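Just structure32.cif here, mmCIF, C-alpha atoms:
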data_my_file
#
loop_
_atom_site.label_atom_id
_atom_site.label_comp_id
_atom_site.auth_asym_id
_atom_site.auth_seq_id
_atom_site.Cartn_x
_atom_site.Cartn_y
_atom_site.Cartn_z
CA MET A 7 -48.31 -31.00 116.53
CA ASN A 8 -49.38 -33.53 119.20
CA GLU A 9 -52.31 -32.11 121.16
CA GLU A 10 -51.44 -28.49 120.63
CA TYR A 11 -51.29 -26.48 117.47
CA VAL A 12 -49.31 -23.45 116.38
CA VAL A 13 -50.93 -21.27 113.75
CA TYR A 14 -49.76 -18.18 111.93
CA GLU A 15 -52.19 -15.39 111.17
CA PRO A 16 -50.74 -13.53 108.18
CA ILE A 17 -52.70 -10.28 108.43
CA SER A 18 -51.44 -9.35 111.89
CA GLY A 19 -48.34 -11.56 111.69
CA SER A 20 -49.33 -13.14 115.00
CA THR A 21 -48.50 -16.70 115.99
CA HIS A 22 -50.93 -18.48 118.28
CA LEU A 23 -50.64 -21.57 120.43
CA LEU A 24 -53.97 -23.39 120.31
CA GLY A 25 -55.41 -26.26 122.28
CA GLU A 26 -56.67 -29.46 120.73
CA VAL A 27 -60.29 -28.39 120.19
CA ALA A 28 -59.35 -25.10 118.55
CA GLY A 29 -56.90 -26.94 116.31
CA GLN A 30 -59.47 -29.52 115.30
CA ILE A 31 -61.99 -26.81 114.48
CA LEU A 32 -59.48 -25.04 112.24
CA LEU A 33 -58.58 -28.28 110.50
CA PHE A 34 -62.28 -28.93 109.92
CA LEU A 35 -62.84 -25.42 108.54
CA GLU A 36 -59.79 -25.64 106.33
CA TYR A 37 -61.80 -27.59 103.75
CA SER A 38 -65.06 -25.64 103.74
CA PRO A 39 -67.00 -23.11 105.76
CA ALA A 40 -69.50 -24.56 108.21
CA ASN A 41 -72.09 -23.38 110.67
CA VAL A 42 -71.84 -24.01 114.40
CA ARG A 43 -74.20 -26.97 114.24
CA ARG A 44 -72.07 -28.75 111.63
CA ILE A 45 -68.86 -28.04 113.52
CA THR A 46 -70.19 -29.38 116.80
CA ALA A 47 -71.71 -32.40 115.06
CA ALA A 48 -68.37 -33.18 113.41
CA LEU A 49 -66.52 -32.91 116.71
CA PHE A 50 -69.03 -35.09 118.54
CA THR A 51 -68.61 -37.71 115.82
CA GLN A 52 -64.84 -37.46 115.98
CA TRP A 53 -64.83 -37.78 119.76
CA GLU A 54 -67.53 -40.48 119.72
CA GLN A 55 -69.38 -38.34 122.23
CA ALA A 56 -73.12 -37.98 122.63
CA PRO A 57 -74.29 -34.39 122.02
CA SER A 58 -74.58 -32.33 125.17
CA SER A 59 -75.46 -28.70 125.65
CA GLU A 60 -72.54 -28.20 128.06
CA VAL A 61 -69.98 -29.38 125.51
CA GLU A 62 -71.74 -27.34 122.81
CA ARG A 63 -71.31 -24.22 124.92
CA SER A 64 -67.61 -25.00 125.40
CA ILE A 65 -67.20 -25.41 121.65
CA GLU A 66 -68.99 -22.10 121.08
CA ASN A 67 -66.57 -20.45 123.52
CA VAL A 68 -63.63 -21.79 121.55
CA LEU A 69 -65.20 -20.50 118.34
CA GLU A 70 -65.54 -17.09 119.93
CA GLU A 71 -61.86 -17.16 120.95
CA LEU A 72 -60.85 -18.12 117.40
CA ARG A 73 -62.97 -15.27 116.04
CA ALA A 74 -61.34 -12.82 118.48
CA MET A 75 -57.92 -13.95 117.22
CA HIS A 76 -59.10 -13.35 113.63
CA LEU A 77 -58.47 -16.98 112.82
CA ILE A 78 -62.07 -17.53 111.72
CA GLU A 79 -64.71 -15.22 110.37
CA CYS A 80 -68.38 -15.37 111.29
CA VAL A 81 -70.79 -14.43 108.51
CA MET B 3 -3.50 -14.98 107.38
CA LYS B 4 -4.60 -15.18 111.00
CA LEU B 5 -4.81 -12.28 113.41
CA ALA B 6 -2.21 -13.97 115.65
CA GLU B 7 0.37 -13.51 112.89
CA LEU B 8 0.21 -9.73 113.21
CA SER B 9 2.78 -8.04 115.41
CA ASP B 10 1.42 -5.57 117.96
CA SER B 11 2.46 -2.61 115.84
CA LEU B 12 0.92 -4.13 112.71
CA LEU B 13 -2.31 -4.86 114.60
CA TYR B 14 -2.52 -1.21 115.69
CA GLN B 15 -1.81 -0.10 112.14
CA LYS B 16 -4.51 -2.44 110.77
CA LEU B 17 -6.94 -1.19 113.38
CA HIS B 18 -6.19 2.35 112.29
CA GLU B 19 -7.01 1.49 108.66
CA GLY B 20 -9.75 -1.04 109.41
CA LEU B 21 -9.01 -4.62 110.48
CA PRO B 22 -10.91 -6.99 108.16
CA LEU B 23 -11.90 -9.89 110.37
CA GLN B 24 -13.70 -13.00 109.13
CA THR B 25 -16.22 -14.16 111.74
CA GLY B 26 -18.15 -17.07 110.30
CA SER B 27 -19.59 -15.96 106.99
CA PHE B 28 -19.42 -12.27 107.93
CA VAL B 29 -16.54 -9.93 107.32
CA VAL B 30 -16.36 -7.08 109.77
CA LYS B 31 -13.96 -4.21 109.34
CA ILE B 32 -13.02 -2.84 112.74
CA LYS B 33 -11.41 0.54 113.30
CA SER B 34 -10.18 1.59 116.71
CA SER B 35 -7.25 3.20 118.40
CA ILE B 36 -8.32 2.07 121.87
CA PRO B 37 -5.68 -0.19 123.46
CA SER B 38 -8.20 -2.43 125.29
CA VAL B 39 -9.91 -3.18 121.97
CA ALA B 40 -6.57 -4.13 120.39
CA ARG B 41 -5.61 -6.26 123.39
CA GLY B 42 -8.99 -7.98 123.45
CA LEU B 43 -8.78 -8.76 119.75
CA ALA B 44 -5.21 -10.07 120.05
CA LEU B 45 -6.20 -12.30 122.96
CA LEU B 46 -9.59 -13.64 121.90
CA TYR B 47 -9.53 -13.42 118.11
CA ALA B 48 -6.01 -14.77 117.58
CA ASP B 49 -7.24 -17.75 115.51
CA TYR B 50 -9.52 -15.71 113.25
CA PRO B 51 -8.64 -15.25 109.58
CA LEU B 52 -8.11 -11.80 108.16
CA CYS B 53 -9.58 -10.94 104.77
CA SER B 54 -7.65 -9.32 101.98
CA GLY B 55 -10.38 -7.74 99.86
CA GLU B 56 -12.04 -4.38 100.29
CA PHE B 57 -15.47 -5.84 100.96
CA ALA B 58 -16.89 -6.04 104.45
CA ASP B 59 -20.41 -6.80 105.62
CA PHE B 60 -20.09 -4.38 108.51
CA HIS B 61 -17.83 -1.37 109.01
CA VAL B 62 -17.55 -0.49 112.67
CA THR B 63 -15.51 1.98 114.67
CA ILE B 64 -14.97 2.01 118.41
CA PHE B 65 -13.64 5.37 119.47
CA ARG B 66 -13.32 7.87 122.27
CA PRO B 67 -15.41 10.95 121.41
CA LEU B 68 -13.52 14.22 121.52
CA ASN B 69 -16.14 16.21 123.37
CA TRP B 70 -15.90 18.06 126.70
CA ARG B 71 -17.09 15.02 128.63
CA ARG B 72 -13.71 13.35 128.20
CA TYR B 73 -12.26 15.85 130.68
CA PHE B 74 -14.66 14.60 133.35
CA LYS B 75 -15.37 10.98 132.45
CA SER B 76 -13.92 9.29 129.44
CA GLN B 77 -16.41 7.51 127.21
CA VAL B 78 -16.48 5.17 124.25
CA VAL B 79 -18.78 5.14 121.22
CA PHE B 80 -19.65 2.29 118.87
CA SER B 81 -20.23 3.49 115.35
CA PHE B 82 -21.73 1.45 112.52
CA GLU B 83 -21.43 2.79 108.97
CA GLY B 84 -20.97 6.25 110.49
CA MET B 85 -23.96 6.18 112.83
CA SER B 86 -24.04 5.46 116.54
CA PRO B 87 -26.86 3.11 117.46
CA PHE B 88 -26.08 3.16 121.19
CA SER B 89 -25.46 5.75 123.87
CA PRO B 90 -21.79 6.13 124.81
CA LEU B 91 -20.47 3.89 127.57
CA PRO B 92 -17.63 4.34 130.06
CA TYR B 93 -14.26 4.04 128.35
CA SER B 94 -13.36 0.92 130.34
CA GLN B 95 -16.20 -0.90 128.55
CA ALA B 96 -14.75 -0.49 125.04
CA PHE B 97 -14.19 -4.19 124.36
CA PRO B 98 -17.57 -5.42 125.66
CA MET B 99 -19.18 -2.61 123.70
CA MET B 100 -17.51 -3.83 120.53
CA GLU B 101 -18.83 -7.33 121.21
CA TRP B 102 -22.37 -6.10 121.85
CA GLY B 103 -22.17 -3.86 118.80
CA LEU B 104 -21.10 -6.74 116.56
CA ASN B 105 -24.05 -8.78 117.81
CA TRP B 106 -26.31 -5.85 117.00
CA CYS B 107 -24.90 -5.65 113.45
CA ILE B 108 -25.90 -9.24 112.81
CA THR B 109 -29.28 -9.24 114.50
CA HIS B 110 -30.32 -6.02 112.77
CA HIS B 111 -29.11 -6.82 109.29
CA ALA B 112 -28.88 -10.55 108.65
CA HIS B 113 -32.46 -11.26 107.61
CA SER B 114 -31.84 -14.10 105.22
CA TYR B 115 -31.76 -16.11 108.45
CA LEU B 116 -34.13 -16.68 111.29
CA SER B 117 -31.97 -15.29 114.06
CA ILE B 118 -32.65 -16.61 117.54
CA HIS B 119 -31.29 -15.34 120.82
CA ALA B 120 -29.70 -18.66 121.66
CA ALA B 121 -26.37 -20.35 121.99
CA VAL B 122 -25.69 -23.19 119.58
CA LEU B 123 -23.04 -25.90 119.66
CA GLU B 124 -22.36 -29.03 117.66
CA LYS B 125 -21.02 -32.52 118.25
CA ASN B 126 -20.91 -35.46 115.83
CA GLY B 127 -22.80 -33.46 113.24
CA ASN B 128 -25.74 -32.64 115.53
CA ALA B 129 -26.37 -29.12 116.78
CA VAL B 130 -27.96 -28.27 120.09
CA ILE B 131 -29.70 -24.93 120.49
CA LEU B 132 -29.77 -23.40 123.97
CA ALA B 133 -32.59 -20.90 124.03
CA ALA B 134 -33.33 -19.01 127.20
CA PRO B 135 -33.78 -15.49 128.51
CA PRO B 136 -30.80 -13.73 130.15
CA GLY B 137 -29.93 -15.08 133.59
CA SER B 138 -30.82 -18.67 132.80
CA GLY B 139 -27.26 -19.92 132.72
CA LYS B 140 -27.21 -20.28 128.94
CA SER B 141 -23.76 -18.79 128.41
CA THR B 142 -22.28 -20.66 131.38
CA LEU B 143 -23.53 -23.94 129.96
CA CYS B 144 -22.34 -22.95 126.51
CA ALA B 145 -18.84 -22.15 127.78
CA ALA B 146 -18.69 -25.42 129.73
CA LEU B 147 -19.81 -27.48 126.75
CA MET B 148 -17.21 -25.80 124.55
CA ALA B 149 -14.54 -26.48 127.17
CA ARG B 150 -15.49 -30.18 127.01
CA GLY B 151 -15.22 -30.55 123.26
CA TRP B 152 -18.48 -29.29 121.79
CA ARG B 153 -17.92 -27.02 118.80
CA LEU B 154 -19.16 -23.49 119.37
CA LEU B 155 -21.33 -22.14 116.58
CA SER B 156 -22.45 -19.13 118.56
CA ASP B 157 -22.92 -18.00 122.12
CA GLU B 158 -25.60 -15.40 121.40
CA ILE B 159 -27.13 -15.72 117.95
CA THR B 160 -28.37 -18.87 116.29
CA LEU B 161 -28.67 -18.19 112.57
CA VAL B 162 -31.03 -20.59 110.81
CA ARG B 163 -30.86 -20.28 107.03
CA LEU B 164 -34.31 -19.69 105.58
CA SER B 165 -33.32 -21.50 102.40
CA ASP B 166 -32.51 -24.92 103.89
CA GLY B 167 -32.79 -24.75 107.68
CA LEU B 168 -29.07 -25.26 108.24
CA ILE B 169 -27.37 -23.34 111.02
CA GLU B 170 -24.61 -20.99 110.01
CA PRO B 171 -21.83 -20.62 112.59
CA VAL B 172 -20.75 -17.22 113.88
CA PRO B 173 -18.34 -18.29 116.59
CA ARG B 174 -17.22 -15.36 118.70
CA PRO B 175 -16.08 -15.02 122.32
CA VAL B 176 -18.52 -16.31 124.92
CA SER B 177 -19.92 -13.54 127.06
CA LEU B 178 -19.85 -14.46 130.75
CA LYS B 179 -21.45 -12.43 133.48
CA ASN B 180 -21.07 -12.08 137.23
CA ASN B 181 -20.74 -15.45 139.04
CA SER B 182 -20.41 -17.34 135.75
CA ILE B 183 -16.94 -15.91 135.28
CA SER B 184 -15.40 -17.60 138.32
CA ILE B 185 -17.48 -20.74 137.78
CA ILE B 186 -16.01 -21.18 134.30
CA GLN B 187 -12.52 -20.19 135.42
CA GLN B 188 -12.68 -23.05 137.94
CA PHE B 189 -14.38 -25.47 135.54
CA ALA B 190 -12.04 -24.85 132.63
CA THR B 191 -8.73 -23.82 134.13
CA ASP B 192 -7.09 -23.49 130.73
CA ALA B 193 -9.80 -21.18 129.37
CA ILE B 194 -8.51 -17.90 127.99
CA MET B 195 -10.53 -15.00 129.31
CA SER B 196 -10.52 -11.27 128.70
CA PRO B 197 -9.95 -8.98 131.68
CA VAL B 198 -13.05 -8.54 133.81
CA VAL B 199 -15.02 -5.33 133.20
CA ARG B 200 -17.21 -4.18 136.07
CA ASP B 201 -20.34 -2.04 136.37
CA THR B 202 -21.67 -2.59 132.88
CA VAL B 203 -25.41 -2.70 132.17
CA LYS B 204 -25.08 -6.48 132.40
CA GLY B 205 -23.05 -6.40 135.62
CA THR B 206 -19.48 -7.68 135.64
CA VAL B 207 -18.55 -9.21 132.31
CA ALA B 208 -15.68 -11.13 130.77
CA HIS B 209 -15.32 -12.88 127.43
CA MET B 210 -13.96 -16.37 126.87
CA LYS B 211 -11.92 -17.25 123.80
CA PRO B 212 -13.66 -19.69 121.45
CA SER B 213 -11.92 -23.01 120.95
CA SER B 214 -9.57 -23.08 117.98
CA GLU B 215 -11.62 -25.88 116.45
CA SER B 216 -14.73 -23.71 116.55
CA VAL B 217 -12.96 -20.96 114.64
CA HIS B 218 -11.25 -23.29 112.15
CA ARG B 219 -14.54 -25.00 111.33
CA ALA B 220 -16.57 -21.79 111.18
CA GLN B 221 -17.59 -22.47 107.57
CA GLU B 222 -19.10 -25.88 108.46
CA LEU B 223 -22.86 -25.63 108.73
CA ALA B 224 -24.85 -27.86 111.06
CA ARG B 225 -28.36 -29.18 111.37
CA ALA B 226 -30.27 -28.70 114.61
CA ALA B 227 -31.03 -31.93 116.45
CA TRP B 228 -32.08 -30.66 119.87
CA ILE B 229 -33.61 -27.51 121.31
CA ILE B 230 -32.94 -27.08 125.01
CA PHE B 231 -34.43 -24.49 127.34
CA PRO B 232 -31.85 -24.43 130.15
CA LYS B 233 -32.32 -23.04 133.60
CA TYR B 234 -29.69 -22.89 136.30
CA VAL B 235 -31.23 -23.55 139.70
CA GLU B 236 -28.90 -23.56 142.67
CA ARG B 237 -28.46 -26.99 144.24
CA SER B 238 -31.01 -28.56 141.90
CA GLU B 239 -30.72 -32.01 140.42
CA THR B 240 -30.16 -32.40 136.70
CA ILE B 241 -33.62 -32.68 135.15
CA LEU B 242 -34.39 -33.11 131.47
CA ASN B 243 -38.06 -33.04 130.45
CA CYS B 244 -39.55 -33.27 126.97
CA VAL B 245 -41.30 -30.20 125.60
CA SER B 246 -43.99 -30.52 122.95
CA PRO B 247 -43.07 -29.18 119.51
CA ALA B 248 -45.84 -26.58 119.77
CA ARG B 249 -44.55 -25.22 123.08
CA ALA B 250 -40.97 -25.32 121.82
CA MET B 251 -41.97 -23.36 118.74
CA MET B 252 -43.67 -20.64 120.77
CA ASN B 253 -40.70 -20.40 123.16
CA VAL B 254 -38.16 -20.13 120.35
CA ALA B 255 -40.31 -17.56 118.53
CA GLU B 256 -40.30 -15.46 121.70
CA ASN B 257 -36.53 -15.70 121.84
CA SER B 258 -36.07 -14.74 118.20
CA PHE B 259 -34.71 -11.39 117.06
CA ASN B 260 -36.47 -11.23 113.71
CA TYR B 261 -39.29 -13.79 113.76
CA GLY B 262 -41.94 -11.06 113.54
CA LEU B 263 -40.10 -9.31 110.74
CA LEU B 264 -39.83 -12.46 108.63
CA GLY B 265 -43.56 -13.22 108.81
CA GLN B 266 -44.65 -16.41 107.08
CA ARG B 267 -41.06 -17.31 106.12
CA GLY B 268 -40.00 -17.22 109.75
CA PHE B 269 -42.99 -19.32 110.79
CA SER B 270 -42.24 -21.94 108.13
CA ALA B 271 -38.51 -22.08 108.89
CA LEU B 272 -39.09 -22.37 112.61
CA GLY B 273 -41.85 -24.94 112.18
CA ARG B 274 -39.62 -27.14 110.02
CA MET B 275 -36.74 -26.88 112.45
CA VAL B 276 -38.81 -27.61 115.54
CA GLN B 277 -40.41 -30.63 113.92
CA SER B 278 -37.01 -32.07 113.07
CA CYS B 279 -35.69 -31.60 116.64
CA GLN B 280 -36.28 -33.05 120.07
CA SER B 281 -37.02 -30.29 122.57
CA TYR B 282 -36.42 -30.32 126.30
CA GLU B 283 -36.56 -28.17 129.39
CA PHE B 284 -33.34 -28.61 131.28
CA GLN B 285 -32.68 -27.73 134.90
CA TYR B 286 -29.21 -28.01 136.32
CA SER B 287 -26.75 -26.88 138.93
CA SER B 288 -23.76 -29.15 138.28
CA LEU B 289 -21.89 -28.47 135.06
CA ASP B 290 -20.33 -31.94 135.06
CA GLN B 291 -23.76 -33.55 135.28
CA ALA B 292 -25.10 -31.18 132.64
CA ILE B 293 -22.37 -32.15 130.20
CA LYS B 294 -22.93 -35.83 130.86
CA THR B 295 -26.61 -35.32 130.04
CA PHE B 296 -25.79 -33.46 126.84
CA ASP B 297 -23.35 -36.15 125.76
CA GLN B 298 -26.13 -38.70 126.18
CA LEU B 299 -28.89 -36.84 124.37
CA PRO B 300 -30.75 -39.33 122.18
CA SER B 301 -29.49 -39.29 118.65
CA PRO B 302 -32.11 -37.73 116.35
CA SER B 303 -32.19 -40.88 114.22
CA LEU B 304 -33.06 -42.98 117.29
CA SER B 305 -35.67 -40.67 118.79
#

Please rewrite the model in this file as structure tokens.
Amino acid sequence: MNEEYVVYEPISGSTHLLGEVAGQILLFLEYSPANVRRITAALFTQWEQAPSSEVERSIENVLEELRAMHLIECV
Amino acid sequence: MKLAELSDSLLYQKLHEGLPLQTGSFVVKIKSSIPSVARGLALLYADYPLCSGEFADFHVTIFRPLNWRRYFKSQVVFSFEGMSPFSPLPYSQAFPMMEWGLNWCITHHAHSYLSIHAAVLEKNGNAVILAAPPGSGKSTLCAALMARGWRLLSDEITLVRLSDGLIEPVPRPVSLKNNSISIIQQFATDAIMSPVVRDTVKGTVAHMKPSSESVHRAQELARAAWIIFPKYVERSETILNCVSPARAMMNVAENSFNYGLLGQRGFSALGRMVQSCQSYEFQYSSLDQAIKTFDQLPSPSLS
């Protein structure tokens, strides 16, 4: 939905409003699990952005937020 | 047969046995011997059909309890299927209590719908949903739109069918509070209003009779075209701003009675509806300007 996403988490029944990055990560993970390196690489490619440690840290923060919302699982 | 066709004595007799009133797709059987309830029904529900069968979705009774308190301060109780979901209220609040109780019956039992705390009206086949917390001017706007030809589907509860996303009308009197009462009395001088009841939990309240067209067409479903989040701001200009579907969905979910209860089905129904609508935040102070804006909302096929 435009640059924001609404997702439903069936275990808790919670609905979350997500920003663009979080939404793109979920869409990427919808097809297969991936490690952090693959996720960041995919986003850099999608954004046509050169890798940078600052952006990587921001992506990791979003991943942590998604994990806290039980929308992704870290194994 | 319509309620207006009953004589006063027959209305009291029916209310003694249980008056089977058709409100949208619901049949409610109302029992009461309280004169203000009978007068309110005669005034505001005159156009409503009465049902002949035994079946009713809801059996309610509004009565004065025969306990010792009546010697000090007379009270009224709303009873649903023999239980009383609310604390008693002062006797003068019998009619508003019936209205609030009927809303409760629907929001607590009609779960084949996504039920949203929102007014909904229709014009030219397109429904507009007015979703906002209390005090936003939702009912005032709803009453004004109805007075200017929009068909009332509901003032309080928007019922979205889970099966096909259509909105099922439950037109009932529009609940006006405090300053809204005089504003609407001045705006729609021919509006039929119940007597004012003061000092309720919602302040001073009065109910406005739904337009006859709204009642006659209560079986006609509608599809949502617009979701509006209205806000009355004194002396403000009329401002209409687009809201993203994601934000609209979260706002409507927060204003829903049973979204959490419905789980995935509620999410899917709401998502489909929001994606098929245009959503706006709407700030207003002038009802005339507000109605002009509503009459010019972009047609869903053009947007």

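Once the PyMOL selection byres ((chain A and resi 28-33) around 10) is applied to the shown structure, the selection contains Met7, Glu9, Glu10, Tyr11, Val12, Val13, Leu23, Leu24, Gly25, Glu26, Val27, Phe34, Leu35, Glu36, Tyr37, Ser38, Ile45, Thr46, Ala48, Leu49, Gln52, Ile65, Asn67, Val68, Leu69, Glu71, Leu72, Leu77 and Ile78 of chain A.
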
Next, write the just-selected residues to a file, as a tab-separated table (two decimals), in the coordinates of the input, keeping C-alpha atoms as the atom set.
chain	number	residue	atom	x	y	z
A	7	MET	CA	-48.31	-31.00	116.53
A	9	GLU	CA	-52.31	-32.11	121.16
A	10	GLU	CA	-51.44	-28.49	120.63
A	11	TYR	CA	-51.29	-26.48	117.47
A	12	VAL	CA	-49.31	-23.45	116.38
A	13	VAL	CA	-50.93	-21.27	113.75
A	23	LEU	CA	-50.64	-21.57	120.43
A	24	LEU	CA	-53.97	-23.39	120.31
A	25	GLY	CA	-55.41	-26.26	122.28
A	26	GLU	CA	-56.67	-29.46	120.73
A	27	VAL	CA	-60.29	-28.39	120.19
A	34	PHE	CA	-62.28	-28.93	109.92
A	35	LEU	CA	-62.84	-25.42	108.54
A	36	GLU	CA	-59.79	-25.64	106.33
A	37	TYR	CA	-61.80	-27.59	103.75
A	38	SER	CA	-65.06	-25.64	103.74
A	45	ILE	CA	-68.86	-28.04	113.52
A	46	THR	CA	-70.19	-29.38	116.80
A	48	ALA	CA	-68.37	-33.18	113.41
A	49	LEU	CA	-66.52	-32.91	116.71
A	52	GLN	CA	-64.84	-37.46	115.98
A	65	ILE	CA	-67.20	-25.41	121.65
A	67	ASN	CA	-66.57	-20.45	123.52
A	68	VAL	CA	-63.63	-21.79	121.55
A	69	LEU	CA	-65.20	-20.50	118.34
A	71	GLU	CA	-61.86	-17.16	120.95
A	72	LEU	CA	-60.85	-18.12	117.40
A	77	LEU	CA	-58.47	-16.98	112.82
A	78	ILE	CA	-62.07	-17.53	111.72

Ground truth for the PyMOL selection byres ((chain B and resi 162) around 12), written as number ranges by chain
B: 112-120, 122, 129, 131, 155-156, 159-161, 163-172, 223-226, 254, 258-261, 267-268, 270-276

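Near chain A, counting only C-alpha atoms at 9 Å, the chain B residues are Ser246, Pro247, Ala248, Arg249, Met251, Met252, Ala255, Gly262, Leu263, Gly265, Gln266, Phe269, Gly273 and Gln277 of chain B.
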
Among B:Asn128, B:Tyr73, B:Gln187, B:Thr109, Thr142 (chain B) is approached most closely, using only C-alpha atoms, by B:Gln187

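Distance cut-off 6 Å, centre (-35.0, -32.1, 123.1), atoms counted all atoms listed in the file; the residues meeting this are B:Trp228, B:Ile229, B:Ile230, B:Gln280, B:Ser281, B:Tyr282.
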
When you draw a straight line from CA of Asp297 (chain B) to CA of Ala145 (chain B), how long is it in Å?
14.8 Å

Tell me which of B:Gly205, B:Gly127, B:Pro51, B:Gly139 sits closest to Asn180 (chain B), counting all atoms listed in the file.
B:Gly205

So how many Å separate CA of Leu45 (chain B) and CA of Lys179 (chain B), to one decimal?
18.5 Å

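Picked out by the PyMOL selection byres ((chain B and resi 287) around 9) when it runs on this file: Lys233, Tyr234, Val235, Glu236, Arg237, Ser238, Glu239, Thr240, Gln285, Tyr286, Ser288, Leu289, Gln291 and Ala292 of chain B.
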
Would you save the residues of that selection, restricted to C-alpha atoms, as a short mmCIF file (atom, residue, chain, number, x, y, z; two decimals), keeping the file's coordinate frame?
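Dumped everything to result23.cif:
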data_model
loop_
_atom_site.label_atom_id
_atom_site.label_comp_id
_atom_site.auth_asym_id
_atom_site.auth_seq_id
_atom_site.Cartn_x
_atom_site.Cartn_y
_atom_site.Cartn_z
CA LYS B 233 -32.32 -23.04 133.60
CA TYR B 234 -29.69 -22.89 136.30
CA VAL B 235 -31.23 -23.55 139.70
CA GLU B 236 -28.90 -23.56 142.67
CA ARG B 237 -28.46 -26.99 144.24
CA SER B 238 -31.01 -28.56 141.90
CA GLU B 239 -30.72 -32.01 140.42
CA THR B 240 -30.16 -32.40 136.70
CA GLN B 285 -32.68 -27.73 134.90
CA TYR B 286 -29.21 -28.01 136.32
CA SER B 288 -23.76 -29.15 138.28
CA LEU B 289 -21.89 -28.47 135.06
CA GLN B 291 -23.76 -33.55 135.28
CA ALA B 292 -25.10 -31.18 132.64
#

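Between CA of Glu215 (chain B) and CA of Gln188 (chain B) the separation is 21.7 Å.
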
Answer as a short mmCIF file (atom, residue, chain, number, x, y, z; two decimals) with C-alpha atoms, in the coordinates of the input, residues within 12 Å of (-1.3, -11.8, 111.0) using only C-alpha atoms:
data_model
loop_
_atom_site.label_atom_id
_atom_site.label_comp_id
_atom_site.auth_asym_id
_atom_site.auth_seq_id
_atom_site.Cartn_x
_atom_site.Cartn_y
_atom_site.Cartn_z
CA MET B 3 -3.50 -14.98 107.38
CA LYS B 4 -4.60 -15.18 111.00
CA LEU B 5 -4.81 -12.28 113.41
CA ALA B 6 -2.21 -13.97 115.65
CA GLU B 7 0.37 -13.51 112.89
CA LEU B 8 0.21 -9.73 113.21
CA SER B 9 2.78 -8.04 115.41
CA ASP B 10 1.42 -5.57 117.96
CA SER B 11 2.46 -2.61 115.84
CA LEU B 12 0.92 -4.13 112.71
CA LEU B 13 -2.31 -4.86 114.60
CA TYR B 14 -2.52 -1.21 115.69
CA GLN B 15 -1.81 -0.10 112.14
CA LYS B 16 -4.51 -2.44 110.77
CA LEU B 21 -9.01 -4.62 110.48
CA PRO B 22 -10.91 -6.99 108.16
CA LEU B 23 -11.90 -9.89 110.37
CA LEU B 43 -8.78 -8.76 119.75
CA ALA B 44 -5.21 -10.07 120.05
CA TYR B 47 -9.53 -13.42 118.11
CA ALA B 48 -6.01 -14.77 117.58
CA ASP B 49 -7.24 -17.75 115.51
CA TYR B 50 -9.52 -15.71 113.25
CA PRO B 51 -8.64 -15.25 109.58
CA LEU B 52 -8.11 -11.80 108.16
CA CYS B 53 -9.58 -10.94 104.77
CA SER B 54 -7.65 -9.32 101.98
#

Env of Ser141 (chain B): 12 Å cut, atoms = all atoms listed in the file, seq-sep filter 2 positions within chain, self excluded. Answer as a compact mmCIF listing (two decimals) with C-alpha atoms, in the coordinates of the input.
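File out.txt, as written:
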# COMPACT_ATOMS: atom_id res chain seq x y z
CA HIS B 119 -31.29 -15.34 120.82
CA ALA B 120 -29.70 -18.66 121.66
CA ALA B 121 -26.37 -20.35 121.99
CA VAL B 122 -25.69 -23.19 119.58
CA LEU B 123 -23.04 -25.90 119.66
CA ILE B 131 -29.70 -24.93 120.49
CA LEU B 132 -29.77 -23.40 123.97
CA ALA B 133 -32.59 -20.90 124.03
CA ALA B 134 -33.33 -19.01 127.20
CA PRO B 135 -33.78 -15.49 128.51
CA PRO B 136 -30.80 -13.73 130.15
CA GLY B 137 -29.93 -15.08 133.59
CA SER B 138 -30.82 -18.67 132.80
CA GLY B 139 -27.26 -19.92 132.72
CA LEU B 143 -23.53 -23.94 129.96
CA CYS B 144 -22.34 -22.95 126.51
CA ALA B 145 -18.84 -22.15 127.78
CA ALA B 146 -18.69 -25.42 129.73
CA LEU B 147 -19.81 -27.48 126.75
CA MET B 148 -17.21 -25.80 124.55
CA LEU B 154 -19.16 -23.49 119.37
CA SER B 156 -22.45 -19.13 118.56
CA ASP B 157 -22.92 -18.00 122.12
CA GLU B 158 -25.60 -15.40 121.40
CA ILE B 159 -27.13 -15.72 117.95
CA PRO B 175 -16.08 -15.02 122.32
CA VAL B 176 -18.52 -16.31 124.92
CA SER B 177 -19.92 -13.54 127.06
CA LEU B 178 -19.85 -14.46 130.75
CA LYS B 179 -21.45 -12.43 133.48
CA ASN B 180 -21.07 -12.08 137.23
CA ASN B 181 -20.74 -15.45 139.04
CA SER B 182 -20.41 -17.34 135.75
CA ILE B 183 -16.94 -15.91 135.28
CA ILE B 185 -17.48 -20.74 137.78
CA ILE B 186 -16.01 -21.18 134.30
CA VAL B 207 -18.55 -9.21 132.31
CA ALA B 208 -15.68 -11.13 130.77
CA HIS B 209 -15.32 -12.88 127.43
CA MET B 210 -13.96 -16.37 126.87
CA PRO B 232 -31.85 -24.43 130.15
CA LYS B 233 -32.32 -23.04 133.60
CA TYR B 234 -29.69 -22.89 136.30
CA LEU B 289 -21.89 -28.47 135.06
